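Visitor: What follows is work-v4.cif; its format and atoms are mmCIF, C-alpha atoms.
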```cif
data_protein
#
loop_
_atom_site.label_atom_id
_atom_site.label_comp_id
_atom_site.auth_asym_id
_atom_site.auth_seq_id
_atom_site.Cartn_x
_atom_site.Cartn_y
_atom_site.Cartn_z
CA MET A 339 0.00 0.00 0.00
CA ASN A 340 1.40 3.38 -1.00
CA TRP A 341 -0.65 5.64 1.23
CA GLY A 342 -1.02 5.77 5.01
CA SER A 343 -4.06 8.03 4.91
CA TRP A 344 -6.38 10.00 2.64
CA LYS A 345 -4.33 13.06 3.45
CA ASP A 346 -1.20 11.31 2.18
CA PHE A 347 -3.02 10.22 -0.93
CA LEU A 348 -4.27 13.71 -1.73
CA ALA A 349 -0.84 15.23 -1.07
CA MET A 350 0.75 12.92 -3.71
CA GLY A 351 4.16 13.23 -2.09
CA GLY A 352 4.13 17.00 -2.61
CA TYR A 353 3.10 16.79 -6.28
CA ALA A 354 -0.63 17.26 -5.68
CA LEU A 355 -0.94 20.26 -8.03
CA TYR A 356 0.69 18.41 -10.94
CA VAL A 357 -0.85 14.98 -10.50
CA TRP A 358 -4.38 16.20 -9.72
CA GLY A 359 -4.07 19.06 -12.22
CA ALA A 360 -3.43 16.46 -14.91
CA TYR A 361 -6.04 13.93 -13.76
CA LEU A 362 -8.91 16.29 -12.97
CA VAL A 363 -8.62 18.20 -16.24
CA SER A 364 -8.57 14.87 -18.11
CA LEU A 365 -11.66 13.67 -16.24
CA GLY A 366 -13.37 17.01 -16.90
CA ALA A 367 -12.53 16.90 -20.61
CA LEU A 368 -13.91 13.37 -21.05
CA CYS A 369 -17.09 14.24 -19.10
CA ALA A 370 -17.51 17.43 -21.16
CA GLU A 371 -17.28 15.40 -24.37
CA ILE A 372 -20.05 13.09 -23.14
CA VAL A 373 -22.28 16.05 -22.19
CA VAL A 374 -21.70 17.72 -25.57
CA LEU A 375 -22.51 14.45 -27.37
CA ARG A 376 -25.75 13.98 -25.40
CA LYS A 377 -26.88 17.42 -26.52
CA ARG A 378 -25.82 16.77 -30.12
CA ARG A 379 -27.86 13.55 -30.15
CA ARG A 380 -30.97 15.33 -28.83
CA ASP A 381 -30.48 18.09 -31.43
CA ALA A 382 -29.98 15.56 -34.25
CA LEU A 383 -33.16 13.68 -33.31
CA GLY A 384 -35.00 17.01 -33.12
CA THR A 385 -33.74 18.02 -36.57
CA VAL A 386 -35.03 14.76 -38.07
CA THR A 387 -38.41 15.08 -36.38
CA ARG A 388 -38.85 18.70 -37.45
CA TYR A 389 -37.80 17.95 -41.04
CA HIS A 390 -40.43 15.24 -41.41
CA ALA A 391 -43.14 17.20 -39.60
CA ARG A 392 -42.60 20.13 -41.98
CA ASN A 393 -42.56 17.81 -44.97
CA ALA A 394 -45.83 16.15 -43.95
CA GLU A 395 -47.48 19.59 -43.63
CA HIS A 396 -46.39 21.04 -46.95
CA SER A 397 -46.60 18.13 -49.34
CA HIS A 398 -48.20 14.76 -49.81
CA GLU A 399 -45.27 13.45 -51.74
CA THR A 400 -42.76 11.22 -50.00
CA ALA A 401 -39.37 12.59 -49.13
CA PRO A 402 -36.62 12.12 -51.73
CA MET B 1250 -29.68 11.03 -53.95
CA HIS B 1251 -29.65 7.29 -53.29
CA THR B 1252 -26.61 5.10 -53.50
CA ARG B 1253 -27.44 1.69 -54.89
CA GLU B 1254 -26.90 -1.25 -52.53
CA PRO B 1255 -24.24 -3.51 -53.94
CA GLU B 1256 -25.78 -6.96 -54.35
CA GLY B 1257 -24.37 -10.26 -53.23
CA ILE B 1258 -21.50 -8.87 -51.17
CA ARG B 1259 -22.25 -9.25 -47.47
CA TRP B 1260 -19.08 -7.32 -46.67
CA PHE B 1261 -20.80 -4.17 -47.87
CA LYS B 1262 -23.89 -4.74 -45.77
CA TYR B 1263 -22.75 -2.59 -42.87
CA SER B 1264 -21.22 0.09 -45.09
CA SER B 1265 -24.70 1.59 -45.44
CA PRO B 1266 -25.42 4.23 -42.79
CA GLN B 1267 -28.93 2.85 -42.33
CA THR B 1268 -27.77 -0.66 -41.40
CA PHE B 1269 -24.77 0.51 -39.41
CA TYR B 1270 -26.83 2.86 -37.24
CA PRO B 1271 -28.62 0.17 -35.17
CA LEU B 1272 -25.48 -1.99 -35.02
CA ALA B 1273 -23.52 0.93 -33.55
CA GLY B 1274 -26.34 1.48 -31.07
CA LYS B 1275 -25.99 -2.11 -29.84
CA LEU B 1276 -22.18 -1.87 -29.56
CA ILE B 1277 -21.95 1.42 -27.64
CA PRO B 1278 -23.00 0.15 -24.16
CA TRP B 1279 -20.45 -2.68 -24.32
CA PHE B 1280 -17.56 -0.39 -25.21
CA ALA B 1281 -18.68 2.13 -22.59
CA ALA B 1282 -18.82 -0.58 -19.89
CA LEU B 1283 -15.40 -1.91 -20.90
CA ALA B 1284 -13.99 1.62 -20.78
CA ALA B 1285 -15.35 2.17 -17.26
CA LEU B 1286 -14.07 -1.19 -15.97
CA LEU B 1287 -10.62 -0.79 -17.53
CA CYS B 1288 -10.37 2.79 -16.27
CA ALA B 1289 -11.15 1.66 -12.72
CA ALA B 1290 -8.56 -1.14 -13.00
CA GLY B 1291 -5.97 1.18 -14.53
CA LEU B 1292 -6.39 3.81 -11.81
CA TYR B 1293 -6.26 1.09 -9.14
CA ILE B 1294 -2.94 -0.17 -10.52
CA GLY B 1295 -1.63 3.34 -11.13
CA PHE B 1296 -2.35 4.75 -7.69
CA LEU B 1297 -2.50 1.78 -5.33
CA VAL B 1298 -0.32 -0.99 -6.79
CA ALA B 1299 2.50 0.87 -8.57
CA PRO B 1300 5.02 2.14 -6.00
CA THR B 1301 6.40 5.66 -5.72
CA ASP B 1302 9.26 6.29 -8.16
CA ALA B 1303 12.71 6.62 -6.60
CA GLN B 1304 13.69 9.61 -8.76
CA GLN B 1305 10.44 11.37 -9.66
CA GLY B 1306 8.41 10.66 -6.54
CA ASP B 1307 4.68 10.54 -7.18
CA ALA B 1308 4.82 13.04 -10.06
CA TYR B 1309 5.49 10.12 -12.40
CA ARG B 1310 1.90 8.87 -11.85
CA ILE B 1311 0.86 11.27 -14.61
CA ILE B 1312 2.38 8.68 -16.96
CA PHE B 1313 -0.73 6.51 -16.79
CA ILE B 1314 -2.92 9.04 -18.56
CA HIS B 1315 -0.17 10.91 -20.41
CA VAL B 1316 1.14 7.97 -22.41
CA ALA B 1317 -2.34 6.54 -22.99
CA ALA B 1318 -3.60 9.92 -24.28
CA ALA B 1319 -0.52 10.42 -26.47
CA TRP B 1320 -0.86 6.94 -28.01
CA MET B 1321 -4.55 7.54 -28.70
CA SER B 1322 -3.86 10.95 -30.25
CA MET B 1323 -1.57 9.38 -32.87
CA PHE B 1324 -3.55 6.16 -33.32
CA LEU B 1325 -6.85 7.98 -33.84
CA TYR B 1326 -5.24 10.25 -36.41
CA VAL B 1327 -4.06 7.27 -38.46
CA VAL B 1328 -7.48 5.59 -38.18
CA MET B 1329 -9.19 8.87 -39.15
CA ALA B 1330 -6.92 9.35 -42.18
CA PHE B 1331 -7.43 5.70 -43.17
CA TRP B 1332 -11.24 5.94 -43.21
CA ALA B 1333 -11.13 9.37 -44.85
CA GLY B 1334 -8.93 7.81 -47.54
CA VAL B 1335 -11.31 4.85 -47.96
CA GLY B 1336 -14.18 7.30 -48.31
CA LEU B 1337 -12.24 9.26 -50.92
CA ILE B 1338 -11.24 6.25 -53.02
CA MET B 1339 -14.24 3.93 -52.63
CA ASN B 1340 -16.79 6.75 -52.38
CA THR B 1341 -18.38 5.16 -49.30
CA ARG B 1342 -20.25 7.76 -47.30
CA LEU B 1343 -20.10 5.88 -44.01
CA SER B 1344 -16.25 5.79 -44.07
CA SER B 1345 -16.14 9.57 -44.45
CA MET B 1346 -18.71 10.04 -41.69
CA LEU B 1347 -16.58 7.82 -39.45
CA ALA B 1348 -13.49 9.93 -40.18
CA SER B 1349 -15.39 13.11 -39.28
CA SER B 1350 -16.62 11.46 -36.09
CA ILE B 1351 -13.11 10.52 -34.98
CA ALA B 1352 -11.61 14.02 -35.35
CA PRO B 1353 -13.01 15.73 -32.19
CA THR B 1354 -12.04 12.78 -29.96
CA GLY B 1355 -8.58 12.69 -31.53
CA ALA B 1356 -8.19 16.40 -30.89
CA LEU B 1357 -9.33 15.90 -27.29
CA PHE B 1358 -6.71 13.21 -26.64
CA THR B 1359 -4.04 15.37 -28.31
CA PHE B 1360 -4.95 18.24 -26.02
CA LEU B 1361 -4.82 15.89 -23.01
CA ALA B 1362 -1.41 14.53 -24.06
CA LEU B 1363 -0.12 18.12 -24.20
CA TRP B 1364 -1.85 19.17 -20.98
CA THR B 1365 -0.76 16.20 -18.88
CA GLY B 1366 2.72 16.44 -20.41
CA SER B 1367 2.89 20.05 -19.35
CA PHE B 1368 1.87 19.15 -15.80
CA TRP B 1369 4.53 16.47 -15.78
CA GLY B 1370 7.18 18.67 -17.37
CA LYS B 1371 6.91 21.39 -14.75
CA PRO B 1372 7.99 19.27 -11.74
CA THR B 1373 10.53 17.16 -13.69
CA TRP B 1374 12.06 19.60 -16.20
CA GLY B 1375 11.19 22.84 -14.43
CA THR B 1376 9.14 24.18 -17.33
CA TRP B 1377 5.53 23.88 -18.53
CA TRP B 1378 6.54 24.03 -22.17
CA VAL B 1379 9.60 23.78 -24.36
CA TRP B 1380 9.78 24.00 -28.16
CA ASP B 1381 11.44 20.64 -28.64
CA ALA B 1382 10.68 18.24 -31.49
CA ARG B 1383 8.31 15.92 -29.58
CA LEU B 1384 6.18 18.67 -28.07
CA THR B 1385 6.11 20.80 -31.21
CA SER B 1386 5.12 17.92 -33.50
CA GLU B 1387 2.36 16.90 -31.06
CA LEU B 1388 1.10 20.51 -31.11
CA ILE B 1389 1.10 20.35 -34.92
CA LEU B 1390 -1.05 17.20 -34.60
CA LEU B 1391 -3.58 19.23 -32.60
CA PHE B 1392 -3.62 21.88 -35.34
CA LEU B 1393 -4.08 19.16 -37.98
CA TYR B 1394 -7.18 17.93 -36.17
CA PHE B 1395 -8.47 21.51 -35.86
CA GLY B 1396 -7.68 22.16 -39.53
CA PHE B 1397 -9.56 19.01 -40.57
CA MET B 1398 -12.64 19.99 -38.54
CA ALA B 1399 -12.55 23.65 -39.62
CA LEU B 1400 -12.18 22.73 -43.29
CA GLN B 1401 -15.12 20.31 -43.14
CA ALA B 1402 -17.25 22.84 -41.25
CA ALA B 1403 -16.49 25.51 -43.85
CA ILE B 1404 -17.82 23.46 -46.80
CA ASP B 1405 -21.61 23.16 -47.05
CA ASP B 1406 -21.78 20.20 -49.39
CA ALA B 1407 -21.13 17.12 -47.23
CA ARG B 1408 -19.44 15.01 -49.91
CA ARG B 1409 -17.15 17.86 -50.99
CA ALA B 1410 -16.29 18.46 -47.33
CA ASP B 1411 -15.47 14.73 -47.02
CA ARG B 1412 -13.11 14.84 -49.99
CA ALA B 1413 -11.33 18.04 -48.95
CA GLY B 1414 -10.95 16.75 -45.39
CA ALA B 1415 -9.60 13.42 -46.64
CA ILE B 1416 -6.82 15.11 -48.61
CA LEU B 1417 -5.81 17.20 -45.61
CA ALA B 1418 -5.94 14.16 -43.30
CA LEU B 1419 -3.84 12.04 -45.67
CA VAL B 1420 -1.18 14.71 -46.16
CA GLY B 1421 -1.03 15.19 -42.38
CA VAL B 1422 -0.26 11.49 -41.76
CA ILE B 1423 3.40 12.35 -42.41
CA ASN B 1424 3.39 14.07 -39.00
CA VAL B 1425 2.63 10.85 -37.08
CA PRO B 1426 5.99 9.09 -37.66
CA ILE B 1427 7.66 12.45 -37.05
CA ILE B 1428 6.05 12.57 -33.58
CA TYR B 1429 6.87 8.95 -32.88
CA TYR B 1430 10.53 9.08 -33.90
CA SER B 1431 11.17 12.70 -32.86
CA VAL B 1432 12.88 11.58 -29.66
CA GLN B 1433 15.35 9.52 -31.69
CA TRP B 1434 15.86 11.88 -34.63
CA TRP B 1435 16.44 15.02 -32.62
CA ASN B 1436 18.03 15.79 -29.30
CA THR B 1437 14.88 16.42 -27.27
CA LEU B 1438 14.19 17.21 -23.65
CA HIS B 1439 11.40 14.62 -23.84
CA GLN B 1440 12.60 11.19 -22.80
CA GLY B 1441 12.82 8.37 -25.30
CA ALA B 1442 10.41 5.46 -25.16
CA SER B 1443 10.84 3.05 -22.23
CA VAL B 1444 14.02 4.69 -20.89
CA SER B 1445 12.56 5.12 -17.42
CA LEU B 1446 11.14 1.61 -17.51
CA ARG B 1447 14.57 -0.02 -17.70
CA SER B 1448 15.95 1.80 -14.70
CA SER B 1449 14.03 -0.37 -12.26
CA PRO B 1450 12.97 -3.81 -13.47
CA THR B 1451 10.59 -4.55 -10.57
CA MET B 1452 8.75 -1.28 -11.17
CA ALA B 1453 8.55 -1.85 -14.90
CA ALA B 1454 5.94 -4.60 -14.56
CA THR B 1455 3.34 -2.66 -12.56
CA MET B 1456 4.06 0.64 -14.34
CA LEU B 1457 3.76 -0.98 -17.73
CA ALA B 1458 0.58 -2.80 -16.66
CA GLY B 1459 -1.01 0.46 -15.47
CA MET B 1460 -0.06 2.20 -18.70
CA LEU B 1461 -1.40 -0.57 -20.92
CA VAL B 1462 -4.66 -0.92 -19.00
CA MET B 1463 -5.24 2.86 -19.15
CA ALA B 1464 -4.42 2.84 -22.87
CA LEU B 1465 -7.01 0.09 -23.38
CA ALA B 1466 -9.52 2.08 -21.31
CA PHE B 1467 -8.99 5.18 -23.46
CA TRP B 1468 -9.26 3.01 -26.56
CA MET B 1469 -12.63 1.59 -25.51
CA TYR B 1470 -13.80 5.07 -24.48
CA ALA B 1471 -12.77 6.44 -27.88
CA ILE B 1472 -14.70 3.69 -29.71
CA ALA B 1473 -17.81 4.35 -27.61
CA VAL B 1474 -17.86 8.15 -28.07
CA VAL B 1475 -16.90 7.95 -31.75
CA LEU B 1476 -19.83 5.57 -32.36
CA VAL B 1477 -22.19 7.92 -30.49
CA ARG B 1478 -20.94 10.83 -32.60
CA LEU B 1479 -21.15 8.76 -35.78
CA ARG B 1480 -24.82 8.05 -35.05
CA CYS B 1481 -25.38 11.82 -34.67
CA VAL B 1482 -23.61 12.51 -37.97
CA ILE B 1483 -25.68 9.80 -39.71
CA LEU B 1484 -28.92 11.32 -38.38
CA GLU B 1485 -27.86 14.83 -39.36
CA ARG B 1486 -26.92 13.83 -42.89
CA GLU B 1487 -29.75 11.34 -43.48
CA ARG B 1488 -32.46 13.49 -41.92
CA HIS B 1489 -34.52 13.26 -45.13
CA ALA B 1490 -34.70 9.46 -44.95
CA GLU B 1491 -37.83 7.67 -43.76
CA TRP B 1492 -35.87 5.31 -41.52
CA ALA B 1493 -34.35 8.32 -39.71
CA ALA B 1494 -37.85 9.62 -38.98
CA GLU B 1495 -38.86 6.20 -37.62
CA GLU B 1496 -35.73 6.15 -35.47
CA ALA B 1497 -36.43 9.63 -34.08
CA LYS B 1498 -40.00 8.62 -33.32
CA GLY B 1499 -38.85 5.43 -31.60
CA THR B 1500 -36.36 7.13 -29.29
CA LYS B 1501 -38.61 9.95 -28.15
#
```
Now, as a test, write the supplied structure out as structure tokens.

Guide:
Amino acid sequence: MNWGSWKDFLAMGGYALYVWGAYLVSLGALCAEIVVLRKRRRDALGTVTRYHARNAEHSHETAP
Amino acid sequence: MHTREPEGIRWFKYSSPQTFYPLAGKLIPWFAALAALLCAAGLYIGFLVAPTDAQQGDAYRIIFIHVAAAWMSMFLYVVMAFWAGVGLIMNTRLSSMLASSIAPTGALFTFLALWTGSFWGKPTWGTWWVWDARLTSELILLFLYFGFMALQAAIDDARRADRAGAILALVGVINVPIIYYSVQWWNTLHQGASVSLRSSPTMAATMLAGMLVMALAFWMYAIAVVLVRLRCVILERERHAEWAAEEAKGTK
């Protein structure tokens, strides 16, 4: 075991800023990508729905 | 415009966006679960099993995400250029959509390789940044990803954007071996591959294990998010199709 306590673990042998600065930003970036993708998926589904709703209103022909 | 289904070749079956869409949907949860499990295992090895380094102290623990992110940044670029090239030569839309879906994740891992490298460089070299061959060529990789995305975003016609992006991506491939061999070709501040691993054979095993498991975790993560993005791109580009409308109705 490398760490005697949580305090030891968080201190990272004096390199807390560097180790946690690297890990937390990485975690944040990956989470941000997932959030952005969730929104993009909702938007894409909305775009499809709106396109077909508009098409059904304005014409009786099937979409190309 | 409809592309005709090639007949009799099963290999082409999943090259149609319509058939690939549900397949990707089935695959995503598996890759996401693998990514989460491998990430937990990699962090466990990296923080709890791997001992403190004799020379670098605990600052070296950045290696577990730094190397994994750097590998992914180069690997994803090659995969992106490959599929962009396939799309250019074979005129398969799905290949080009896949290339476009890889770019943002590749750029993200490139940024993370630079960021974590910077946070490792400060305590070990005494500087956040240095214009040496390894760091500079990795920064160029980030700009190549940005250039690819900006170029595609600037062209309205999707197929023309695919072709222009493919040419840029393929020309940029030359940068990948430059990054990889930069530490051998030039006298860089960045250490060569595996130099620190040889210094302590007992440490090498756990350090290498942590690095490989984290690299696998990032790989699975990349596959999962790229497939999610690919499904978005398919929906955006195929919004006129009946099947897309059915899909949108089904997921509401």

Visitor: Between CA of Val1462 in chain B and CA of Asp1302 in chain B, what is the spacing in Å?

Guide: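 Result for CA of Asp1302 in chain B versus CA of Val1462 in chain B: 19.1 Å, one decimal.
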
Visitor: Show me, as JSON, numbers by chain, the residues of chain A whose atoms get within 6 Å of chain B, using only C-alpha atoms for the distance check.

Guide: {"A": [350, 351, 353, 356, 357, 360, 379, 382, 383, 386]}

Visitor: To one decimal in Å, tell me the separation between CA of Arg1408 in chain B and CA of Ile1351 in chain B.

Guide: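 These two atoms are separated by 16.8 Å.
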
Visitor: For CA of Ala1402 in chain B and CA of Ile372 in chain A, quote the distance in Å rounded to one decimal.

Guide: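 Distance reported for this atom pair: 20.8 Å.
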
Visitor: Restrict the calculation to only C-alpha atoms, then for each residue of range 351-387 of chain A with any atom at most 12 Å from an atom of range 1283-1293 of chain B give the closest atom pair and their distance in Å to one decimal, rows by chain and rising residue number, as a tab-separated table.

Guide:
```
residue	atom	partner	partner_atom	distance
A:Tyr361	CA	B:Leu1292	CA	10.3
A:Leu365	CA	B:Cys1288	CA	11.0
A:Leu368	CA	B:Ala1284	CA	11.8
```

Visitor: Build an axis-aligned box that encloses every atom of range 380-389 of chain A listed in the file, pad it by 3 Å on each side, and report its centre and edge lengths in Å to one decimal, as lines of an AutoDock Vina configuration file.

Guide:
```
center_x = -34.4
center_y = 16.2
center_z = -34.9
size_x = 14.9
size_y = 11.0
size_z = 18.2
```

Visitor: With the file shown as input, list the residues that the PyMOL selection byres ((chain B and resi 1344) around 10) selects, as a list in words.

Guide: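 That selection, the PyMOL selection byres ((chain B and resi 1344) around 10), comes back as Ser1264, Ser1265, Pro1266, Met1329, Phe1331, Trp1332, Ala1333, Gly1334, Val1335, Gly1336, Leu1337, Met1339, Asn1340, Thr1341, Arg1342, Leu1343, Ser1345, Met1346, Leu1347, Ala1348, Ser1349, Ser1350 and Asp1411 of chain B.
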
Visitor: Report as a ChimeraX atom specification all protein, DNA and RNA residues lying within 7 Å of range 1430-1442 of chain B, evaluated on only C-alpha atoms, omitting residues in the same chain fewer than 2 positions from it.

Guide: /B:1381-1383,1426-1428,1444

Visitor: For the selection just defined, write its residues with C-alpha atoms to a file, as a compact mmCIF listing (two decimals), in the coordinates of the input.

Guide:
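After the write, result33.txt holds the following:
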```
# COMPACT_ATOMS: atom_id res chain seq x y z
CA ASP B 1381 11.44 20.64 -28.64
CA ALA B 1382 10.68 18.24 -31.49
CA ARG B 1383 8.31 15.92 -29.58
CA PRO B 1426 5.99 9.09 -37.66
CA ILE B 1427 7.66 12.45 -37.05
CA ILE B 1428 6.05 12.57 -33.58
CA VAL B 1444 14.02 4.69 -20.89
```

Visitor: Would you fill out range 1401-1421 of chain B with N, CA and C atoms and return it as a PDB file, in the frame of the given file?

Guide:
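out-v5.pdb, written as the output of this step:
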```pdb
ATOM      1  N   GLN B1401     -13.848  20.997 -42.890  1.00  0.00           N
ATOM      2  CA  GLN B1401     -15.120  20.310 -43.140  1.00  0.00           C
ATOM      3  C   GLN B1401     -16.309  21.190 -42.766  1.00  0.00           C
ATOM      4  N   ALA B1402     -16.146  21.969 -41.690  1.00  0.00           N
ATOM      5  CA  ALA B1402     -17.250  22.840 -41.250  1.00  0.00           C
ATOM      6  C   ALA B1402     -17.471  23.976 -42.231  1.00  0.00           C
ATOM      7  N   ALA B1403     -16.396  24.354 -42.956  1.00  0.00           N
ATOM      8  CA  ALA B1403     -16.490  25.510 -43.850  1.00  0.00           C
ATOM      9  C   ALA B1403     -17.151  25.172 -45.183  1.00  0.00           C
ATOM     10  N   ILE B1404     -17.248  23.869 -45.502  1.00  0.00           N
ATOM     11  CA  ILE B1404     -17.820  23.460 -46.800  1.00  0.00           C
ATOM     12  C   ILE B1404     -19.224  22.911 -46.589  1.00  0.00           C
ATOM     13  N   ASP B1405     -20.209  23.533 -47.258  1.00  0.00           N
ATOM     14  CA  ASP B1405     -21.610  23.160 -47.050  1.00  0.00           C
ATOM     15  C   ASP B1405     -21.947  21.776 -47.586  1.00  0.00           C
ATOM     16  N   ASP B1406     -21.472  21.486 -48.798  1.00  0.00           N
ATOM     17  CA  ASP B1406     -21.780  20.200 -49.390  1.00  0.00           C
ATOM     18  C   ASP B1406     -21.010  19.086 -48.681  1.00  0.00           C
ATOM     19  N   ALA B1407     -21.754  18.129 -48.091  1.00  0.00           N
ATOM     20  CA  ALA B1407     -21.130  17.120 -47.230  1.00  0.00           C
ATOM     21  C   ALA B1407     -20.081  16.284 -47.960  1.00  0.00           C
ATOM     22  N   ARG B1408     -20.385  15.864 -49.193  1.00  0.00           N
ATOM     23  CA  ARG B1408     -19.440  15.010 -49.910  1.00  0.00           C
ATOM     24  C   ARG B1408     -18.182  15.761 -50.324  1.00  0.00           C
ATOM     25  N   ARG B1409     -18.346  17.057 -50.674  1.00  0.00           N
ATOM     26  CA  ARG B1409     -17.150  17.860 -50.990  1.00  0.00           C
ATOM     27  C   ARG B1409     -16.321  18.079 -49.733  1.00  0.00           C
ATOM     28  N   ALA B1410     -17.001  18.299 -48.602  1.00  0.00           N
ATOM     29  CA  ALA B1410     -16.290  18.460 -47.330  1.00  0.00           C
ATOM     30  C   ALA B1410     -15.521  17.185 -46.994  1.00  0.00           C
ATOM     31  N   ASP B1411     -16.136  16.015 -47.259  1.00  0.00           N
ATOM     32  CA  ASP B1411     -15.470  14.730 -47.020  1.00  0.00           C
ATOM     33  C   ASP B1411     -14.184  14.627 -47.818  1.00  0.00           C
ATOM     34  N   ARG B1412     -14.275  14.988 -49.108  1.00  0.00           N
ATOM     35  CA  ARG B1412     -13.110  14.840 -49.990  1.00  0.00           C
ATOM     36  C   ARG B1412     -11.988  15.805 -49.593  1.00  0.00           C
ATOM     37  N   ALA B1413     -12.358  17.053 -49.335  1.00  0.00           N
ATOM     38  CA  ALA B1413     -11.330  18.040 -48.950  1.00  0.00           C
ATOM     39  C   ALA B1413     -10.666  17.625 -47.638  1.00  0.00           C
ATOM     40  N   GLY B1414     -11.486  17.190 -46.677  1.00  0.00           N
ATOM     41  CA  GLY B1414     -10.950  16.750 -45.390  1.00  0.00           C
ATOM     42  C   GLY B1414     -10.018  15.561 -45.548  1.00  0.00           C
ATOM     43  N   ALA B1415     -10.405  14.629 -46.433  1.00  0.00           N
ATOM     44  CA  ALA B1415      -9.600  13.420 -46.640  1.00  0.00           C
ATOM     45  C   ALA B1415      -8.212  13.771 -47.137  1.00  0.00           C
ATOM     46  N   ILE B1416      -8.133  14.723 -48.066  1.00  0.00           N
ATOM     47  CA  ILE B1416      -6.820  15.110 -48.610  1.00  0.00           C
ATOM     48  C   ILE B1416      -5.957  15.727 -47.516  1.00  0.00           C
ATOM     49  N   LEU B1417      -6.574  16.595 -46.712  1.00  0.00           N
ATOM     50  CA  LEU B1417      -5.810  17.200 -45.610  1.00  0.00           C
ATOM     51  C   LEU B1417      -5.351  16.132 -44.627  1.00  0.00           C
ATOM     52  N   ALA B1418      -6.273  15.210 -44.271  1.00  0.00           N
ATOM     53  CA  ALA B1418      -5.940  14.160 -43.300  1.00  0.00           C
ATOM     54  C   ALA B1418      -4.802  13.282 -43.815  1.00  0.00           C
ATOM     55  N   LEU B1419      -4.865  12.930 -45.109  1.00  0.00           N
ATOM     56  CA  LEU B1419      -3.840  12.040 -45.670  1.00  0.00           C
ATOM     57  C   LEU B1419      -2.475  12.724 -45.745  1.00  0.00           C
ATOM     58  N   VAL B1420      -2.465  13.992 -46.127  1.00  0.00           N
ATOM     59  CA  VAL B1420      -1.180  14.710 -46.160  1.00  0.00           C
ATOM     60  C   VAL B1420      -0.607  14.803 -44.749  1.00  0.00           C
ATOM     61  N   GLY B1421      -1.482  15.015 -43.767  1.00  0.00           N
ATOM     62  CA  GLY B1421      -1.030  15.190 -42.380  1.00  0.00           C
ATOM     63  C   GLY B1421      -0.486  13.927 -41.732  1.00  0.00           C
TER      64      GLY B1421
END
```
